[in-house]
Amino acid sequence: MKWFLNFGFQRRKRELQEEIDAHLQMAIADRVARGETAETARQAAAREFGNIPMVQDVTREMWGQGWLEQLGRDVRYALRQLRKSPGFTITATAMLAVAICANSTVFSWIDGTMLRPIPGARDTGELVSLQRGEQTLSPTPPFSYLDYRDLREQNHSFNGILAYHHDWITLTGGAQPERAYIANVSANYFDVLGIKPVLGRFFLAEEESRPDAVPNVVLGYSIWKTRYAADPAIVGKSIELARHPVTVIGVAPEGFVGAMPGLRDDLWITLNPLGTNVWRMTHRSGGGAVWLNVIGRLRPGVSRGQATQDLDTLMHHIVAAYPDDHLGENGIILDPMWRSPFGANGYMAVTLPILLGIAGLVLLLTCANVATLTLVRFVSRRRELAIRQSLGANRMQLVRQMVL
């Protein structure tokens, strides 16, 4: 398209020049017919016609593309000047490159942790992380399964509340055992996050706490591609986790790596797939019963303050019903996912603004240094700029040549 527009512009310039030449030839022929010599007629015709380059410039400006041609000339001139001063060019380019790279890196961290805390999840602004007890940047998983279930089923502020527990496991059954990160999750885990499977399905409600003879597993997209060669018929097949057979029921979409910001999950299974978590599933305290991280999706129009009050009331009722299982502080704290204390975001939310400020200051100082170097070059070009101005260059043209 650009080539087509440039071709049309060149054609119009050529036609303009042909029209000017035709006018001059007719004027010369008229004077020669009146008895003037060819040379005298040519000089007189040129004087009558006026400044030919000025006529061309005015005509091109009327076409609306004169500024583009002038900009192209200024850019070419700037490149020639930079080529004549390699020391200045290399120094300024290196300084700006370092400063811009620093800012780009910090912005990419902010995008990956604060703006998109759970890649692939739907409307992460509606998701909040639930914390029980005193607020801290290094909390332990705050909820037992029974407390989580009561909050999930009795609240009035959330479209859904999920629970998960992050761990690692060994994939067996292949040529080489492989360590993988796994999450025990509630059946509504993927639904609350708004994740759709690439293959198969996700967990059903009745699969959440019921141990099966052969439990089900959902594979992450990456491990499906690397360990299982992106087998399109993987759904329904049996694989081994720590020498236990499990059935693959689905594959998560590409890019989704779990609900804990900064950490990766390769596989997902239910909360009690082998029946080994019976104690955890039936007790509210002791014996590792408090083991679940919890995330909720707010209903439309419900604020975090309203949701906090709702869950605080429910938790107060739970504590009153089971006082021996809830010693200490039991207040509920809701955090947006970009500053969730579970995972890397709790630390990133504190350090990234500081890093962004430092990177911005470095960029500002770099621009000031480059501007100083440029001003020094301008001082040495005072005579050149004065000559250009005396030849008819306007202030805007001079500014463009200095800035570019």
# chains A, B, ... in the order shown; residues from 1 in each chain; ligands from 1
$ residues_around --residues "Lys196 (chain A)" --least-positions-apart "5" --cutoff "10 Å" --atoms "only C-alpha atoms" --output "JSON, numbers by chain"
{"A": [120, 121, 190, 191, 201, 202, 250, 251, 252, 253]}
$ residues_around --residues "Pro336 (chain A)" --least-positions-apart "6" --cutoff "8 Å" --atoms "only C-alpha atoms" --output "count of residues only"
4
$ residues_around --residues "Pro211 (chain A)" --least-positions-apart "6" --cutoff "7 Å" --atoms "only C-alpha atoms" --output "VMD selection string"
chain A and resid 272 to 275
$ atom_distance --atom1 "CA of Asn155 (chain A)" --atom2 "CA of Arg297 (chain A)"
11.7 Å
$ select_by_dssp --residues "region 214-341 of chain A" --states "alpha helix (DSSP H)" --output "PDB file with N, CA and C atoms, in the first residue's frame"
ATOM      1  N   TYR A 221      -1.344 -28.016  29.690  1.00  0.00           N
ATOM      2  CA  TYR A 221      -1.057 -28.025  28.256  1.00  0.00           C
ATOM      3  C   TYR A 221       0.407 -28.344  27.975  1.00  0.00           C
ATOM      4  N   SER A 222       1.310 -27.801  28.764  1.00  0.00           N
ATOM      5  CA  SER A 222       2.733 -27.994  28.522  1.00  0.00           C
ATOM      6  C   SER A 222       3.138 -29.447  28.703  1.00  0.00           C
ATOM      7  N   ILE A 223       2.703 -30.067  29.795  1.00  0.00           N
ATOM      8  CA  ILE A 223       3.097 -31.453  30.036  1.00  0.00           C
ATOM      9  C   ILE A 223       2.403 -32.401  29.060  1.00  0.00           C
ATOM     10  N   TRP A 224       1.216 -32.016  28.614  1.00  0.00           N
ATOM     11  CA  TRP A 224       0.535 -32.818  27.578  1.00  0.00           C
ATOM     12  C   TRP A 224       1.361 -32.830  26.296  1.00  0.00           C
ATOM     13  N   LYS A 225       1.983 -31.707  25.935  1.00  0.00           N
ATOM     14  CA  LYS A 225       2.770 -31.637  24.718  1.00  0.00           C
ATOM     15  C   LYS A 225       4.131 -32.312  24.879  1.00  0.00           C
ATOM     16  N   THR A 226       4.800 -32.089  26.028  1.00  0.00           N
ATOM     17  CA  THR A 226       6.168 -32.571  26.169  1.00  0.00           C
ATOM     18  C   THR A 226       6.235 -34.051  26.542  1.00  0.00           C
ATOM     19  N   VAL A 278      -8.660 -38.457  54.250  1.00  0.00           N
ATOM     20  CA  VAL A 278      -9.913 -38.544  55.011  1.00  0.00           C
ATOM     21  C   VAL A 278      -9.870 -37.648  56.238  1.00  0.00           C
ATOM     22  N   TRP A 279      -8.755 -37.657  56.972  1.00  0.00           N
ATOM     23  CA  TRP A 279      -8.654 -36.806  58.163  1.00  0.00           C
ATOM     24  C   TRP A 279      -8.832 -35.336  57.791  1.00  0.00           C
ATOM     25  N   ARG A 280      -8.155 -34.924  56.768  1.00  0.00           N
ATOM     26  CA  ARG A 280      -8.253 -33.528  56.347  1.00  0.00           C
ATOM     27  C   ARG A 280      -9.667 -33.161  55.900  1.00  0.00           C
ATOM     28  N   MET A 281     -10.355 -34.085  55.320  1.00  0.00           N
ATOM     29  CA  MET A 281     -11.681 -33.795  54.780  1.00  0.00           C
ATOM     30  C   MET A 281     -12.767 -33.807  55.848  1.00  0.00           C
ATOM     31  N   THR A 282     -12.461 -34.341  57.037  1.00  0.00           N
ATOM     32  CA  THR A 282     -13.503 -34.510  58.062  1.00  0.00           C
ATOM     33  C   THR A 282     -13.206 -33.774  59.363  1.00  0.00           C
ATOM     34  N   ARG A 304     -15.497  -5.510  47.768  1.00  0.00           N
ATOM     35  CA  ARG A 304     -14.705  -6.348  48.668  1.00  0.00           C
ATOM     36  C   ARG A 304     -15.092  -6.106  50.124  1.00  0.00           C
ATOM     37  N   GLY A 305     -15.430  -4.870  50.455  1.00  0.00           N
ATOM     38  CA  GLY A 305     -15.850  -4.587  51.823  1.00  0.00           C
ATOM     39  C   GLY A 305     -17.125  -5.317  52.202  1.00  0.00           C
ATOM     40  N   GLN A 306     -18.101  -5.321  51.294  1.00  0.00           N
ATOM     41  CA  GLN A 306     -19.340  -6.045  51.566  1.00  0.00           C
ATOM     42  C   GLN A 306     -19.100  -7.542  51.680  1.00  0.00           C
ATOM     43  N   ALA A 307     -18.257  -8.066  50.782  1.00  0.00           N
ATOM     44  CA  ALA A 307     -17.965  -9.500  50.831  1.00  0.00           C
ATOM     45  C   ALA A 307     -17.213  -9.868  52.106  1.00  0.00           C
ATOM     46  N   THR A 308     -16.311  -8.996  52.540  1.00  0.00           N
ATOM     47  CA  THR A 308     -15.579  -9.251  53.784  1.00  0.00           C
ATOM     48  C   THR A 308     -16.529  -9.311  54.971  1.00  0.00           C
ATOM     49  N   GLN A 309     -17.475  -8.384  55.020  1.00  0.00           N
ATOM     50  CA  GLN A 309     -18.456  -8.381  56.111  1.00  0.00           C
ATOM     51  C   GLN A 309     -19.302  -9.642  56.083  1.00  0.00           C
ATOM     52  N   ASP A 310     -19.710 -10.071  54.890  1.00  0.00           N
ATOM     53  CA  ASP A 310     -20.511 -11.284  54.746  1.00  0.00           C
ATOM     54  C   ASP A 310     -19.754 -12.504  55.268  1.00  0.00           C
ATOM     55  N   LEU A 311     -18.487 -12.679  54.839  1.00  0.00           N
ATOM     56  CA  LEU A 311     -17.706 -13.846  55.265  1.00  0.00           C
ATOM     57  C   LEU A 311     -17.333 -13.757  56.740  1.00  0.00           C
ATOM     58  N   ASP A 312     -17.098 -12.542  57.230  1.00  0.00           N
ATOM     59  CA  ASP A 312     -16.805 -12.387  58.670  1.00  0.00           C
ATOM     60  C   ASP A 312     -17.976 -12.875  59.519  1.00  0.00           C
ATOM     61  N   THR A 313     -19.178 -12.541  59.083  1.00  0.00           N
ATOM     62  CA  THR A 313     -20.372 -12.980  59.813  1.00  0.00           C
ATOM     63  C   THR A 313     -20.474 -14.500  59.795  1.00  0.00           C
ATOM     64  N   LEU A 314     -20.267 -15.095  58.614  1.00  0.00           N
ATOM     65  CA  LEU A 314     -20.312 -16.556  58.517  1.00  0.00           C
ATOM     66  C   LEU A 314     -19.225 -17.201  59.366  1.00  0.00           C
ATOM     67  N   MET A 315     -18.019 -16.643  59.315  1.00  0.00           N
ATOM     68  CA  MET A 315     -16.924 -17.216  60.093  1.00  0.00           C
ATOM     69  C   MET A 315     -17.185 -17.089  61.588  1.00  0.00           C
ATOM     70  N   HIS A 316     -17.832 -15.997  61.997  1.00  0.00           N
ATOM     71  CA  HIS A 316     -18.189 -15.836  63.416  1.00  0.00           C
ATOM     72  C   HIS A 316     -19.144 -16.949  63.856  1.00  0.00           C
ATOM     73  N   HIS A 317     -20.102 -17.291  62.995  1.00  0.00           N
ATOM     74  CA  HIS A 317     -21.024 -18.381  63.320  1.00  0.00           C
ATOM     75  C   HIS A 317     -20.297 -19.718  63.390  1.00  0.00           C
ATOM     76  N   ILE A 318     -19.329 -19.942  62.477  1.00  0.00           N
ATOM     77  CA  ILE A 318     -18.570 -21.197  62.493  1.00  0.00           C
ATOM     78  C   ILE A 318     -17.736 -21.301  63.766  1.00  0.00           C
ATOM     79  N   VAL A 319     -17.087 -20.206  64.137  1.00  0.00           N
ATOM     80  CA  VAL A 319     -16.278 -20.198  65.355  1.00  0.00           C
ATOM     81  C   VAL A 319     -17.150 -20.445  66.584  1.00  0.00           C
ATOM     82  N   ALA A 320     -18.342 -19.848  66.603  1.00  0.00           N
ATOM     83  CA  ALA A 320     -19.246 -20.066  67.739  1.00  0.00           C
ATOM     84  C   ALA A 320     -19.692 -21.514  67.816  1.00  0.00           C
ATOM     85  N   ALA A 321     -19.861 -22.162  66.652  1.00  0.00           N
ATOM     86  CA  ALA A 321     -20.309 -23.559  66.656  1.00  0.00           C
ATOM     87  C   ALA A 321     -19.173 -24.520  66.986  1.00  0.00           C
TER      88      ALA A 321
END
$ atom_distance --atom1 "CA of Val214 (chain A)" --atom2 "CA of Ala183 (chain A)"
17.3 Å
$ select_by_dssp --residues "region 148-354 of chain A" --states "strand (DSSP E)" --output "PyMOL selection string"
chain A and resi 158-172+178-185+199-200+216-219+238-241+244-251+267-270+290-298+332-336
$ residues_around --residues "region 254-257 of chain A" --least-positions-apart "5" --cutoff "12 Å" --atoms "only C-alpha atoms" --output "ChimeraX atom specification"
/A:112,116-122,166,181-183,190,193-199,218-225,230,262-268
$ residues_around --residues "Ile169 (chain A)" --least-positions-apart "4" --cutoff "9 Å" --atoms "only C-alpha atoms" --output "list in words"
Glu178, Arg179, Ala180, Tyr181, Ile182, Leu241 and Ala242 of chain A
$ write_last_selection --atoms "N, CA and C atoms" --output "compact mmCIF listing (two decimals), in the first residue's frame"
# COMPACT_ATOMS: atom_id res chain seq x y z
N GLU A 178 9.46 -38.42 36.24
CA GLU A 178 9.56 -36.98 36.05
C GLU A 178 8.84 -36.27 37.18
N ARG A 179 9.50 -35.31 37.77
CA ARG A 179 8.88 -34.53 38.83
C ARG A 179 7.95 -33.50 38.23
N ALA A 180 6.76 -33.37 38.80
CA ALA A 180 5.78 -32.42 38.29
C ALA A 180 5.08 -31.75 39.45
N TYR A 181 4.57 -30.55 39.21
CA TYR A 181 3.81 -29.83 40.23
C TYR A 181 2.34 -30.12 40.04
N ILE A 182 1.68 -30.40 41.14
CA ILE A 182 0.29 -30.84 41.10
C ILE A 182 -0.53 -30.05 42.10
N LEU A 241 0.70 -41.69 38.51
CA LEU A 241 1.22 -40.65 39.40
C LEU A 241 1.71 -41.35 40.66
N ALA A 242 3.05 -41.29 40.87
CA ALA A 242 3.65 -41.96 42.03
C ALA A 242 3.21 -43.42 42.10
$ residues_around --residues "Glu207 (chain A)" --least-positions-apart "5" --cutoff "9 Å" --atoms "only C-alpha atoms" --output "number ranges by chain"
A: 186-187, 212, 215-216, 270-273
$ write_last_selection --atoms "C-alpha atoms" --output "tab-separated table (two decimals), in the first residue's frame"
chain	number	residue	atom	x	y	z
A	186	SER	CA	-12.24	-28.39	44.46
A	187	ALA	CA	-14.57	-29.56	41.68
A	212	ASP	CA	-12.44	-43.37	43.27
A	215	PRO	CA	-9.10	-41.23	40.21
A	216	ASN	CA	-9.27	-38.62	37.47
A	270	THR	CA	-9.48	-33.65	43.26
A	271	LEU	CA	-9.12	-33.03	46.98
A	272	ASN	CA	-9.20	-36.70	48.08
A	273	PRO	CA	-8.59	-38.82	44.97
$ atom_distance --atom1 "CA of Ala99 (chain A)" --atom2 "CA of Gly360 (chain A)"
8.2 Å
$ closest_residue --among "A:Leu16, A:Gln397, A:Arg34, A:Glu48" --to "Val75 (chain A)" --atoms "only C-alpha atoms"
A:Gln397
$ decode --residues "region 183-254 of chain A" --atoms "C-alpha atoms" --output "mmCIF file, in the first residue's frame"
data_model
loop_
_atom_site.group_PDB
_atom_site.id
_atom_site.type_symbol
_atom_site.label_atom_id
_atom_site.label_comp_id
_atom_site.auth_asym_id
_atom_site.auth_seq_id
_atom_site.Cartn_x
_atom_site.Cartn_y
_atom_site.Cartn_z
ATOM 1 C CA ALA A 183 -2.716 -29.229 42.757
ATOM 2 C CA ASN A 184 -5.527 -30.819 44.724
ATOM 3 C CA VAL A 185 -8.551 -28.728 43.759
ATOM 4 C CA SER A 186 -12.239 -28.393 44.458
ATOM 5 C CA ALA A 187 -14.572 -29.565 41.681
ATOM 6 C CA ASN A 188 -15.545 -25.978 40.795
ATOM 7 C CA TYR A 189 -11.918 -24.847 40.434
ATOM 8 C CA PHE A 190 -11.928 -24.354 36.659
ATOM 9 C CA ASP A 191 -15.509 -23.057 36.540
ATOM 10 C CA VAL A 192 -14.811 -20.251 39.028
ATOM 11 C CA LEU A 193 -11.687 -19.232 37.111
ATOM 12 C CA GLY A 194 -13.563 -19.320 33.803
ATOM 13 C CA ILE A 195 -11.225 -21.873 32.178
ATOM 14 C CA LYS A 196 -12.432 -24.102 29.328
ATOM 15 C CA PRO A 197 -10.724 -27.410 28.426
ATOM 16 C CA VAL A 198 -8.838 -27.946 25.191
ATOM 17 C CA LEU A 199 -9.755 -31.625 25.309
ATOM 18 C CA GLY A 200 -12.231 -33.593 27.400
ATOM 19 C CA ARG A 201 -13.834 -32.105 30.491
ATOM 20 C CA PHE A 202 -13.052 -30.888 33.976
ATOM 21 C CA PHE A 203 -14.223 -32.243 37.334
ATOM 22 C CA LEU A 204 -17.852 -32.866 38.285
ATOM 23 C CA ALA A 205 -19.312 -31.804 41.622
ATOM 24 C CA GLU A 206 -19.655 -35.391 42.846
ATOM 25 C CA GLU A 207 -15.941 -36.013 42.216
ATOM 26 C CA GLU A 208 -14.753 -33.384 44.700
ATOM 27 C CA SER A 209 -14.388 -35.490 47.861
ATOM 28 C CA ARG A 210 -15.305 -39.015 46.741
ATOM 29 C CA PRO A 211 -12.273 -41.334 46.466
ATOM 30 C CA ASP A 212 -12.440 -43.370 43.271
ATOM 31 C CA ALA A 213 -10.960 -46.743 42.428
ATOM 32 C CA VAL A 214 -9.148 -45.005 39.566
ATOM 33 C CA PRO A 215 -9.101 -41.227 40.212
ATOM 34 C CA ASN A 216 -9.269 -38.618 37.473
ATOM 35 C CA VAL A 217 -6.613 -36.105 36.487
ATOM 36 C CA VAL A 218 -6.504 -32.975 34.289
ATOM 37 C CA LEU A 219 -3.247 -32.388 32.412
ATOM 38 C CA GLY A 220 -1.591 -29.021 31.865
ATOM 39 C CA TYR A 221 -1.057 -28.025 28.256
ATOM 40 C CA SER A 222 2.733 -27.994 28.522
ATOM 41 C CA ILE A 223 3.097 -31.453 30.036
ATOM 42 C CA TRP A 224 0.535 -32.818 27.578
ATOM 43 C CA LYS A 225 2.770 -31.637 24.718
ATOM 44 C CA THR A 226 6.168 -32.571 26.169
ATOM 45 C CA ARG A 227 5.540 -35.877 27.966
ATOM 46 C CA TYR A 228 2.551 -37.147 25.993
ATOM 47 C CA ALA A 229 3.439 -35.694 22.567
ATOM 48 C CA ALA A 230 0.158 -33.734 22.358
ATOM 49 C CA ASP A 231 -1.759 -36.986 21.917
ATOM 50 C CA PRO A 232 -5.272 -35.963 20.740
ATOM 51 C CA ALA A 233 -6.635 -39.269 22.089
ATOM 52 C CA ILE A 234 -5.175 -38.804 25.592
ATOM 53 C CA VAL A 235 -8.633 -38.390 27.179
ATOM 54 C CA GLY A 236 -9.723 -41.669 28.747
ATOM 55 C CA LYS A 237 -6.205 -43.107 28.884
ATOM 56 C CA SER A 238 -4.527 -44.202 32.111
ATOM 57 C CA ILE A 239 -1.264 -42.702 33.356
ATOM 58 C CA GLU A 240 0.678 -43.161 36.600
ATOM 59 C CA LEU A 241 1.218 -40.652 39.403
ATOM 60 C CA ALA A 242 3.653 -41.960 42.027
ATOM 61 C CA ARG A 243 2.854 -45.505 40.770
ATOM 62 C CA HIS A 244 -0.895 -44.978 41.188
ATOM 63 C CA PRO A 245 -3.027 -45.299 38.024
ATOM 64 C CA VAL A 246 -5.183 -42.276 37.202
ATOM 65 C CA THR A 247 -7.472 -41.541 34.242
ATOM 66 C CA VAL A 248 -6.982 -38.439 32.116
ATOM 67 C CA ILE A 249 -10.322 -36.640 31.704
ATOM 68 C CA GLY A 250 -9.172 -33.360 30.159
ATOM 69 C CA VAL A 251 -6.392 -30.987 29.103
ATOM 70 C CA ALA A 252 -6.189 -27.361 30.296
ATOM 71 C CA PRO A 253 -5.716 -24.589 27.685
ATOM 72 C CA GLU A 254 -2.310 -23.266 26.675
#
